[in-house]
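Have a look at structure.cif below; it lists mmCIF, C-alpha atoms.
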```
data_start
#
loop_
_atom_site.group_PDB
_atom_site.id
_atom_site.type_symbol
_atom_site.label_atom_id
_atom_site.label_comp_id
_atom_site.auth_asym_id
_atom_site.auth_seq_id
_atom_site.Cartn_x
_atom_site.Cartn_y
_atom_site.Cartn_z
ATOM 1 C CA MET A 644 -5.400 16.887 27.650
ATOM 2 C CA ALA A 645 -8.350 14.606 28.363
ATOM 3 C CA SER A 646 -11.659 15.428 26.685
ATOM 4 C CA PHE A 647 -14.667 16.602 28.683
ATOM 5 C CA ALA A 648 -16.383 13.235 28.099
ATOM 6 C CA THR A 649 -13.328 11.353 29.424
ATOM 7 C CA LYS A 650 -13.247 13.535 32.529
ATOM 8 C CA VAL A 651 -16.930 12.853 33.189
ATOM 9 C CA ILE A 652 -16.417 9.085 32.749
ATOM 10 C CA ARG A 653 -13.419 9.164 35.103
ATOM 11 C CA LEU A 654 -15.476 10.891 37.786
ATOM 12 C CA SER A 655 -18.306 8.391 37.332
ATOM 13 C CA LEU A 656 -15.950 5.410 37.585
ATOM 14 C CA LYS A 657 -14.290 6.920 40.644
ATOM 15 C CA ALA A 658 -17.666 7.328 42.346
ATOM 16 C CA VAL A 659 -18.700 3.742 41.529
ATOM 17 C CA SER A 660 -15.284 2.425 42.665
ATOM 18 C CA ALA A 661 -15.817 3.967 46.088
ATOM 19 C CA VAL A 662 -18.857 1.710 46.501
ATOM 20 C CA SER A 663 -17.870 -1.331 44.436
ATOM 21 C CA PRO A 664 -14.585 -1.689 42.509
ATOM 22 C CA ALA A 665 -16.040 -4.783 40.829
ATOM 23 C CA ALA A 666 -18.996 -2.786 39.485
ATOM 24 C CA ALA A 667 -16.610 -0.066 38.311
ATOM 25 C CA GLY A 668 -14.527 -2.663 36.467
ATOM 26 C CA GLU A 669 -17.595 -4.067 34.721
ATOM 27 C CA MET A 670 -18.734 -0.545 33.823
ATOM 28 C CA ALA A 671 -15.281 0.220 32.410
ATOM 29 C CA PHE A 672 -15.413 -2.958 30.315
ATOM 30 C CA ARG A 673 -18.749 -1.949 28.760
ATOM 31 C CA ILE A 674 -17.293 1.472 27.892
ATOM 32 C CA PHE A 675 -14.135 -0.157 26.501
ATOM 33 C CA CYS A 676 -16.181 -2.360 24.139
ATOM 34 C CA LEU A 677 -18.435 0.464 22.924
ATOM 35 C CA THR A 678 -17.882 1.102 19.224
ATOM 36 C CA PRO A 679 -17.769 4.660 17.853
ATOM 37 C CA ASN A 680 -20.546 6.235 15.835
ATOM 38 C CA ARG A 681 -20.252 4.792 12.342
ATOM 39 C CA LYS A 682 -21.317 7.993 10.574
ATOM 40 C CA PRO A 683 -18.492 9.865 8.767
ATOM 41 C CA LYS A 684 -16.833 12.269 11.187
ATOM 42 C CA ASN A 685 -15.816 14.898 8.639
ATOM 43 C CA GLY A 686 -15.749 15.874 4.990
ATOM 44 C CA LYS A 687 -12.682 13.746 4.305
ATOM 45 C CA GLU A 688 -14.442 10.576 5.465
ATOM 46 C CA ARG A 689 -17.582 11.471 3.498
ATOM 47 C CA ALA A 690 -15.425 11.932 0.396
ATOM 48 C CA LEU A 691 -13.759 8.541 0.972
ATOM 49 C CA LEU A 692 -17.135 6.809 1.246
ATOM 50 C CA SER A 693 -18.375 8.529 -1.882
ATOM 51 C CA ALA A 694 -15.258 7.567 -3.849
ATOM 52 C CA ALA A 695 -15.493 3.943 -2.653
ATOM 53 C CA ALA A 696 -19.189 3.528 -3.511
ATOM 54 C CA PRO A 697 -18.835 2.450 -7.187
ATOM 55 C CA LEU A 698 -16.365 -0.305 -6.261
ATOM 56 C CA MET A 699 -18.329 -1.475 -3.224
ATOM 57 C CA GLU A 700 -21.482 -1.759 -5.325
ATOM 58 C CA GLN A 701 -19.721 -4.375 -7.450
ATOM 59 C CA SER A 702 -19.674 -6.752 -4.489
ATOM 60 C CA ARG A 703 -22.160 -9.384 -3.401
ATOM 61 C CA LYS A 704 -23.524 -8.558 0.062
ATOM 62 C CA ILE A 705 -23.661 -11.489 2.491
ATOM 63 C CA THR A 706 -24.652 -11.789 6.152
ATOM 64 C CA LEU A 707 -22.913 -14.398 8.292
ATOM 65 C CA SER A 708 -24.094 -15.568 11.702
ATOM 66 C CA PHE A 709 -22.038 -16.685 14.667
ATOM 67 C CA ALA A 710 -22.744 -17.375 18.331
ATOM 68 C CA GLY A 711 -23.951 -14.055 19.713
ATOM 69 C CA GLY A 712 -24.624 -12.131 16.526
ATOM 70 C CA TRP A 713 -24.053 -11.653 12.816
ATOM 71 C CA VAL A 714 -21.823 -9.649 10.515
ATOM 72 C CA PHE A 715 -21.964 -8.176 7.052
ATOM 73 C CA VAL A 716 -19.373 -9.030 4.399
ATOM 74 C CA ARG A 717 -18.799 -7.953 0.819
ATOM 75 C CA HIS A 718 -17.687 -10.629 -1.634
ATOM 76 C CA PHE A 719 -15.716 -9.541 -4.706
ATOM 77 C CA PRO A 720 -15.235 -12.426 -7.195
ATOM 78 C CA ARG A 721 -12.059 -12.650 -9.241
ATOM 79 C CA HIS A 722 -12.001 -10.546 -12.382
ATOM 80 C CA GLY A 723 -12.282 -12.530 -15.600
ATOM 81 C CA SER A 724 -9.884 -15.447 -15.631
ATOM 82 C CA GLY A 725 -8.003 -14.286 -12.542
ATOM 83 C CA ARG A 726 -6.301 -17.058 -10.567
ATOM 84 C CA GLY A 727 -5.100 -15.067 -7.597
ATOM 85 C CA PRO A 728 -5.624 -16.082 -3.960
ATOM 86 C CA ARG A 729 -8.831 -15.937 -1.978
ATOM 87 C CA VAL A 730 -8.309 -13.087 0.500
ATOM 88 C CA LEU A 731 -10.071 -12.189 3.750
ATOM 89 C CA LEU A 732 -9.695 -8.469 4.479
ATOM 90 C CA THR A 733 -10.425 -6.912 7.881
ATOM 91 C CA HIS A 734 -10.434 -3.250 8.914
ATOM 92 C CA GLY A 735 -9.453 -1.515 12.146
ATOM 93 C CA TRP A 736 -11.431 -0.239 15.119
ATOM 94 C CA GLY A 737 -13.800 2.588 14.160
ATOM 95 C CA SER A 738 -13.328 1.930 10.441
ATOM 96 C CA ARG A 739 -15.241 -0.043 7.798
ATOM 97 C CA SER A 740 -14.483 -2.083 4.694
ATOM 98 C CA ASP A 741 -15.294 0.899 2.442
ATOM 99 C CA TYR A 742 -12.171 2.666 3.711
ATOM 100 C CA LEU A 743 -10.085 -0.211 2.315
ATOM 101 C CA ALA A 744 -11.356 0.377 -1.226
ATOM 102 C CA ALA A 745 -7.916 1.218 -2.660
ATOM 103 C CA LEU A 746 -6.481 -2.029 -1.300
ATOM 104 C CA ILE A 747 -9.503 -4.020 -2.516
ATOM 105 C CA ASP A 748 -9.127 -2.497 -5.983
ATOM 106 C CA GLY A 749 -5.419 -3.385 -6.072
ATOM 107 C CA LEU A 750 -6.083 -6.976 -5.015
ATOM 108 C CA LEU A 751 -8.812 -7.416 -7.610
ATOM 109 C CA ALA A 752 -6.555 -6.000 -10.321
ATOM 110 C CA ALA A 753 -3.974 -8.621 -9.312
ATOM 111 C CA GLY A 754 -6.525 -11.400 -9.868
ATOM 112 C CA ALA A 755 -7.543 -12.041 -6.259
ATOM 113 C CA GLU A 756 -10.938 -12.950 -4.867
ATOM 114 C CA VAL A 757 -11.686 -10.649 -1.918
ATOM 115 C CA VAL A 758 -13.991 -10.961 1.076
ATOM 116 C CA ALA A 759 -14.162 -7.726 3.115
ATOM 117 C CA LEU A 760 -15.677 -8.033 6.579
ATOM 118 C CA ASP A 761 -17.345 -5.317 8.669
ATOM 119 C CA TRP A 762 -16.889 -5.960 12.396
ATOM 120 C CA PRO A 763 -19.894 -5.890 14.738
ATOM 121 C CA GLY A 764 -20.760 -2.261 15.414
ATOM 122 C CA HIS A 765 -19.020 -1.131 12.213
ATOM 123 C CA GLY A 766 -20.059 -0.432 8.627
ATOM 124 C CA GLY A 767 -23.042 -2.541 7.613
ATOM 125 C CA SER A 768 -22.913 -4.864 10.632
ATOM 126 C CA PRO A 769 -25.297 -4.316 13.564
ATOM 127 C CA GLY A 770 -24.532 -3.533 17.199
ATOM 128 C CA ARG A 771 -22.667 -0.945 19.241
ATOM 129 C CA SER A 772 -20.002 -3.090 20.886
ATOM 130 C CA LEU A 773 -17.102 -5.303 19.866
ATOM 131 C CA THR A 774 -14.755 -7.679 21.678
ATOM 132 C CA MET A 775 -11.811 -9.704 20.438
ATOM 133 C CA PRO A 776 -13.703 -13.010 20.927
ATOM 134 C CA GLN A 777 -16.531 -11.610 18.775
ATOM 135 C CA ALA A 778 -14.008 -10.682 16.086
ATOM 136 C CA VAL A 779 -12.500 -14.179 16.125
ATOM 137 C CA ARG A 780 -15.988 -15.681 15.871
ATOM 138 C CA ALA A 781 -16.755 -13.433 12.889
ATOM 139 C CA ILE A 782 -13.542 -14.614 11.199
ATOM 140 C CA ASP A 783 -14.560 -18.216 11.887
ATOM 141 C CA ALA A 784 -17.986 -17.570 10.331
ATOM 142 C CA ALA A 785 -16.360 -16.178 7.173
ATOM 143 C CA TRP A 786 -13.921 -19.096 7.089
ATOM 144 C CA ARG A 787 -16.724 -21.650 7.279
ATOM 145 C CA HIS A 788 -18.860 -19.909 4.650
ATOM 146 C CA PHE A 789 -16.057 -19.513 2.089
ATOM 147 C CA GLU A 790 -14.283 -22.777 2.977
ATOM 148 C CA GLY A 791 -11.075 -21.071 4.007
ATOM 149 C CA PHE A 792 -8.727 -18.368 2.729
ATOM 150 C CA ASP A 793 -5.347 -18.449 1.055
ATOM 151 C CA VAL A 794 -4.420 -15.075 2.554
ATOM 152 C CA CYS A 795 -5.698 -12.973 5.451
ATOM 153 C CA ILE A 796 -4.939 -9.229 5.509
ATOM 154 C CA GLY A 797 -5.824 -7.041 8.473
ATOM 155 C CA HIS A 798 -5.301 -3.435 9.507
ATOM 156 C CA SER A 799 -4.795 -2.473 13.163
ATOM 157 C CA PHE A 800 -7.380 -4.302 15.343
ATOM 158 C CA GLY A 801 -8.241 -6.350 12.243
ATOM 159 C CA GLY A 802 -4.675 -7.623 11.971
ATOM 160 C CA ALA A 803 -4.460 -8.573 15.634
ATOM 161 C CA SER A 804 -7.825 -10.360 15.332
ATOM 162 C CA LEU A 805 -6.627 -12.410 12.357
ATOM 163 C CA ALA A 806 -3.484 -13.398 14.264
ATOM 164 C CA CYS A 807 -5.561 -14.412 17.291
ATOM 165 C CA ALA A 808 -7.878 -16.458 15.051
ATOM 166 C CA ALA A 809 -4.823 -18.209 13.568
ATOM 167 C CA GLY A 810 -3.665 -18.982 17.096
ATOM 168 C CA GLY A 811 -6.974 -20.506 18.183
ATOM 169 C CA VAL A 812 -7.160 -18.237 21.233
ATOM 170 C CA VAL A 813 -10.937 -18.702 21.626
ATOM 171 C CA CYS A 814 -11.086 -22.156 23.147
ATOM 172 C CA ASP A 815 -14.234 -23.474 21.437
ATOM 173 C CA LEU A 816 -13.085 -22.527 17.920
ATOM 174 C CA PRO A 817 -10.452 -24.176 15.722
ATOM 175 C CA ALA A 818 -7.379 -22.225 14.659
ATOM 176 C CA ARG A 819 -7.974 -20.579 11.285
ATOM 177 C CA VAL A 820 -4.544 -20.489 9.651
ATOM 178 C CA PRO A 821 -4.237 -19.008 6.143
ATOM 179 C CA GLY A 822 -1.439 -19.760 3.715
ATOM 180 C CA LYS A 823 -0.118 -16.231 4.229
ATOM 181 C CA LEU A 824 -0.840 -13.467 6.717
ATOM 182 C CA VAL A 825 -0.445 -9.690 6.272
ATOM 183 C CA LEU A 826 -0.595 -7.397 9.308
ATOM 184 C CA ILE A 827 -0.772 -3.626 8.709
ATOM 185 C CA GLY A 828 -0.234 -1.281 11.672
ATOM 186 C CA ALA A 829 -1.372 -4.096 13.964
ATOM 187 C CA PRO A 830 -0.926 -4.441 17.740
ATOM 188 C CA SER A 831 1.255 -7.403 18.714
ATOM 189 C CA GLU A 832 -0.570 -8.047 21.988
ATOM 190 C CA MET A 833 -3.632 -6.697 23.769
ATOM 191 C CA ALA A 834 -2.555 -6.426 27.417
ATOM 192 C CA TRP A 835 -1.007 -2.976 26.745
ATOM 193 C CA LEU A 836 -4.393 -1.772 25.475
ATOM 194 C CA PHE A 837 -6.245 -2.947 28.584
ATOM 195 C CA GLN A 838 -3.629 -1.363 30.814
ATOM 196 C CA GLY A 839 -3.580 1.846 28.794
ATOM 197 C CA PHE A 840 -7.357 2.133 28.966
ATOM 198 C CA GLY A 841 -7.243 1.632 32.732
ATOM 199 C CA LYS A 842 -4.713 4.439 33.072
ATOM 200 C CA MET A 843 -6.736 6.748 30.833
ATOM 201 C CA MET A 844 -9.813 6.082 32.969
ATOM 202 C CA ALA A 845 -7.795 6.376 36.205
ATOM 203 C CA LEU A 846 -9.075 3.017 37.459
ATOM 204 C CA VAL A 847 -8.042 2.032 40.980
ATOM 205 C CA PRO A 848 -6.160 -1.323 41.145
ATOM 206 C CA ALA A 849 -9.206 -3.310 42.286
ATOM 207 C CA ALA A 850 -11.343 -1.874 39.474
ATOM 208 C CA GLN A 851 -8.562 -2.587 36.947
ATOM 209 C CA ALA A 852 -8.442 -6.189 38.134
ATOM 210 C CA ALA A 853 -12.218 -6.463 37.728
ATOM 211 C CA PHE A 854 -11.990 -4.890 34.260
ATOM 212 C CA GLU A 855 -9.380 -7.419 33.114
ATOM 213 C CA GLY A 856 -11.386 -10.149 34.825
ATOM 214 C CA MET A 857 -14.244 -9.436 32.423
ATOM 215 C CA VAL A 858 -11.882 -10.166 29.523
ATOM 216 C CA GLU A 859 -10.808 -13.426 31.158
ATOM 217 C CA ARG A 860 -14.402 -14.427 31.753
ATOM 218 C CA LEU A 861 -15.190 -13.997 28.070
ATOM 219 C CA SER A 862 -12.182 -15.701 26.570
ATOM 220 C CA GLY A 863 -9.537 -16.853 28.999
ATOM 221 C CA ARG A 864 -6.388 -15.108 30.209
ATOM 222 C CA VAL A 865 -5.481 -11.634 28.947
ATOM 223 C CA GLU A 866 -2.035 -13.026 28.086
ATOM 224 C CA ASN A 867 -3.655 -15.327 25.513
ATOM 225 C CA PHE A 868 -4.104 -12.368 23.184
ATOM 226 C CA ASP A 869 -0.424 -12.267 22.223
ATOM 227 C CA ALA A 870 -0.491 -11.952 18.446
ATOM 228 C CA ALA A 871 3.313 -11.930 18.157
ATOM 229 C CA GLY A 872 3.401 -15.175 20.121
ATOM 230 C CA VAL A 873 1.009 -16.644 17.558
ATOM 231 C CA THR A 874 3.097 -15.530 14.579
ATOM 232 C CA ALA A 875 6.206 -17.017 16.221
ATOM 233 C CA ALA A 876 4.485 -20.401 16.266
ATOM 234 C CA LEU A 877 3.104 -20.215 12.725
ATOM 235 C CA ASN A 878 4.935 -22.054 9.995
ATOM 236 C CA LYS A 879 3.540 -19.656 7.380
ATOM 237 C CA PRO A 880 4.879 -16.519 5.653
ATOM 238 C CA VAL A 881 3.879 -13.326 7.470
ATOM 239 C CA LEU A 882 4.277 -9.759 6.182
ATOM 240 C CA VAL A 883 4.195 -6.969 8.764
ATOM 241 C CA VAL A 884 3.753 -3.440 7.392
ATOM 242 C CA HIS A 885 4.114 -0.562 9.831
ATOM 243 C CA ALA A 886 5.152 3.088 9.971
ATOM 244 C CA GLU A 887 7.623 4.235 12.593
ATOM 245 C CA ASP A 888 5.582 7.452 12.826
ATOM 246 C CA ASP A 889 2.399 5.543 13.737
ATOM 247 C CA LYS A 890 0.941 7.458 16.702
ATOM 248 C CA GLU A 891 -1.826 4.952 17.495
ATOM 249 C CA VAL A 892 0.061 1.645 17.495
ATOM 250 C CA SER A 893 3.706 1.977 18.464
ATOM 251 C CA ALA A 894 6.362 0.706 16.058
ATOM 252 C CA ASP A 895 7.547 -1.488 18.939
ATOM 253 C CA HIS A 896 4.654 -3.799 18.106
ATOM 254 C CA ALA A 897 6.019 -4.272 14.588
ATOM 255 C CA ARG A 898 9.460 -4.997 16.028
ATOM 256 C CA ARG A 899 7.944 -7.693 18.270
ATOM 257 C CA TYR A 900 6.409 -9.304 15.209
ATOM 258 C CA GLY A 901 9.665 -8.968 13.309
ATOM 259 C CA ALA A 902 11.506 -10.821 16.060
ATOM 260 C CA SER A 903 9.082 -13.771 15.774
ATOM 261 C CA GLY A 904 11.248 -15.642 13.295
ATOM 262 C CA PRO A 905 12.653 -15.760 9.751
ATOM 263 C CA HIS A 906 9.200 -16.441 8.285
ATOM 264 C CA VAL A 907 8.133 -12.912 9.312
ATOM 265 C CA GLU A 908 9.081 -10.055 6.972
ATOM 266 C CA LEU A 909 9.002 -6.557 8.462
ATOM 267 C CA HIS A 910 8.413 -3.760 5.963
ATOM 268 C CA TRP A 911 8.612 -0.135 7.105
ATOM 269 C CA ALA A 912 6.252 2.326 5.405
ATOM 270 C CA ASN A 913 7.464 5.429 7.171
ATOM 271 C CA GLY A 914 5.628 8.711 6.738
ATOM 272 C CA LEU A 915 2.236 7.043 6.288
ATOM 273 C CA GLY A 916 1.101 6.990 9.910
ATOM 274 C CA HIS A 917 -1.648 4.669 11.063
ATOM 275 C CA ARG A 918 -4.504 5.284 8.619
ATOM 276 C CA ARG A 919 -3.048 6.457 5.298
ATOM 277 C CA ILE A 920 -0.889 3.334 5.220
ATOM 278 C CA VAL A 921 -3.751 1.092 4.026
ATOM 279 C CA SER A 922 -4.383 3.168 0.890
ATOM 280 C CA ALA A 923 -0.807 4.008 -0.115
ATOM 281 C CA SER A 924 0.221 2.672 -3.530
ATOM 282 C CA PRO A 925 3.700 1.492 -2.406
ATOM 283 C CA VAL A 926 2.116 -0.517 0.433
ATOM 284 C CA ILE A 927 -0.478 -2.085 -1.865
ATOM 285 C CA GLU A 928 2.255 -2.974 -4.369
ATOM 286 C CA LYS A 929 4.326 -4.550 -1.593
ATOM 287 C CA ILE A 930 1.387 -6.644 -0.415
ATOM 288 C CA ILE A 931 0.570 -7.847 -3.919
ATOM 289 C CA ALA A 932 4.211 -8.795 -4.499
ATOM 290 C CA PHE A 933 4.229 -10.714 -1.204
ATOM 291 C CA LEU A 934 1.065 -12.576 -2.169
ATOM 292 C CA GLY A 935 2.640 -13.639 -5.453
ATOM 293 C CA GLU A 936 5.827 -15.039 -3.929
ATOM 294 C CA GLY A 937 5.951 -18.806 -4.387
ATOM 295 C CA GLN A 938 2.293 -19.050 -5.414
ATOM 296 C CA GLN A 939 1.300 -21.163 -8.401
ATOM 297 C CA THR A 940 -2.456 -21.076 -7.871
ATOM 298 C CA GLY A 941 -5.085 -19.220 -5.890
ATOM 299 C CA HIS A 942 -7.062 -22.268 -4.778
ATOM 300 C CA LEU A 943 -6.700 -22.939 -1.070
ATOM 301 C CA ARG A 944 -6.963 -26.727 -1.221
ATOM 302 C CA LYS A 945 -4.136 -26.873 -3.763
ATOM 303 C CA ILE A 946 -1.664 -24.802 -1.742
ATOM 304 C CA ALA A 947 -2.547 -25.819 1.829
#
```

As structure tokens, what does this structure read like?
Amino acid sequence: MASFATKVIRLSLKAVSAVSPAAAGEMAFRIFCLTPNRKPKNGKERALLSAAAPLMEQSRKITLSFAGGWVFVRHFPRHGSGRGPRVLLTHGWGSRSDYLAALIDGLLAAGAEVVALDWPGHGGSPGRSLTMPQAVRAIDAAWRHFEGFDVCIGHSFGGASLACAAGGVVCDLPARVPGKLVLIGAPSEMAWLFQGFGKMMALVPAAQAAFEGMVERLSGRVENFDAAGVTAALNKPVLVVHAEDDKEVSADHARRYGASGPHVELHWANGLGHRRIVSASPVIEKIIAFLGEGQQTGHLRKIA
């Protein structure tokens, strides 16, 4: 059943559509891009933030600018004489890098250098809206600052964003292709999300067209955001981790990735849903094993 807020928004969009479907589409796009309140929603999230705090305080806090804004990242140097890969880590929609603390800890223990990015409107980064082009620009800013990454790991929206960055879907930015890519519970394309949002908001066809037109105006055709199409074209190892019981991103997305080619490994982590999957020990162990396959050094310029 739709929430009261959703019902009110539907009525508002319906009223605007009666006057101007184009205005309704633009209004829907602004709502679509609005990021959720970043404060913890419940005691469980407060406990997660509290538990993550000691590890997060070990990082160096950096702000990175890009066209249209800036983002906040946490840089965790390698422990001791660690020679693991340099890793860019991105979280999902409505999350923050703190919620990836277990994965960060596992990567550091394996000798990796980790850069954890907070999307615009999330965690320590400013703003209240986020688009895929903004995410790709934030990835590009991190890439330029750290001179590239051996591995990129992303959960949910973060995974799709990394794939889109690797595919160079934003026309004025170069493709940012890591040596290896890990996608956890990630959508394989974005058109389903735009269409699903339109259905949830009960947009009339003309308003839906205007809504999708806003996406095209920002970054080109909606079809460009086909992350599975990008992975099919990559000549790099890709690990896809997904749970068949994921209620937020259908397992069909993982199957699309898995069908991309022999360089894509599909690993099922059933029973872990969409959010617990990023902190589960078996998943972290699988990722670390994948990162170590065929690697002799963690320095990007030596393995690229």

Closest of A:Arg721, A:His798, A:His734, A:Arg739 to Glu688 of chain A - atom-to-atom distances counting only C-alpha atoms: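 Looking only at the distances to Glu688 of chain A, the closest residue turns out to be A:Arg739.
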
How big is the axis-aligned box around the listed atoms of segment 820-834 of chain A once 5 Å is added on each side, and where is its centre? Give both in Å to one decimal, as lines of an AutoDock Vina configuration file.
```
center_x = -1.6
center_y = -10.9
center_z = 15.6
size_x = 15.8
size_y = 29.2
size_z = 33.7
```

In the coordinate frame of the file, compute which residues have an atom within 10 Å of (-26.3, 6.0, 18.8) when using all atoms listed in the file, and state them as an mmCIF file with C-alpha atoms, keeping the file's coordinate frame.
```cif
data_model
loop_
_atom_site.group_PDB
_atom_site.id
_atom_site.type_symbol
_atom_site.label_atom_id
_atom_site.label_comp_id
_atom_site.auth_asym_id
_atom_site.auth_seq_id
_atom_site.Cartn_x
_atom_site.Cartn_y
_atom_site.Cartn_z
ATOM 1 C CA THR A 678 -17.882 1.102 19.224
ATOM 2 C CA PRO A 679 -17.769 4.660 17.853
ATOM 3 C CA ASN A 680 -20.546 6.235 15.835
ATOM 4 C CA ARG A 681 -20.252 4.792 12.342
ATOM 5 C CA LYS A 682 -21.317 7.993 10.574
ATOM 6 C CA GLY A 770 -24.532 -3.533 17.199
ATOM 7 C CA ARG A 771 -22.667 -0.945 19.241
#
```

Given the PyMOL selection byres ((chain A and resi 809) around 10) and the file above, list the residues it selects as a PyMOL selection string. chain A and resi 779+782-783+795+803-808+810-812+817-821+824+870+873-874+876-877

Just-selected residues, C-alpha atoms written as a short mmCIF file (atom, residue, chain, number, x, y, z; two decimals), in the frame of the given file:
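The file below, again.cif, is the result:
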```
data_model
loop_
_atom_site.label_atom_id
_atom_site.label_comp_id
_atom_site.auth_asym_id
_atom_site.auth_seq_id
_atom_site.Cartn_x
_atom_site.Cartn_y
_atom_site.Cartn_z
CA VAL A 779 -12.50 -14.18 16.12
CA ILE A 782 -13.54 -14.61 11.20
CA ASP A 783 -14.56 -18.22 11.89
CA CYS A 795 -5.70 -12.97 5.45
CA ALA A 803 -4.46 -8.57 15.63
CA SER A 804 -7.82 -10.36 15.33
CA LEU A 805 -6.63 -12.41 12.36
CA ALA A 806 -3.48 -13.40 14.26
CA CYS A 807 -5.56 -14.41 17.29
CA ALA A 808 -7.88 -16.46 15.05
CA GLY A 810 -3.66 -18.98 17.10
CA GLY A 811 -6.97 -20.51 18.18
CA VAL A 812 -7.16 -18.24 21.23
CA PRO A 817 -10.45 -24.18 15.72
CA ALA A 818 -7.38 -22.22 14.66
CA ARG A 819 -7.97 -20.58 11.28
CA VAL A 820 -4.54 -20.49 9.65
CA PRO A 821 -4.24 -19.01 6.14
CA LEU A 824 -0.84 -13.47 6.72
CA ALA A 870 -0.49 -11.95 18.45
CA VAL A 873 1.01 -16.64 17.56
CA THR A 874 3.10 -15.53 14.58
CA ALA A 876 4.49 -20.40 16.27
CA LEU A 877 3.10 -20.22 12.72
#
```

Given the PyMOL selection byres ((chain A and resi 702-707) around 6) and the file above, list the residues it selects as a count of residues only. 11

Return the single residue from A:Arg919, A:His910, A:Leu846, A:Ala834 that is closest to Tyr742 of chain A, with distances computed using all atoms listed in the file.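 The answer is A:Arg919, which sits nearest to Tyr742 of chain A.
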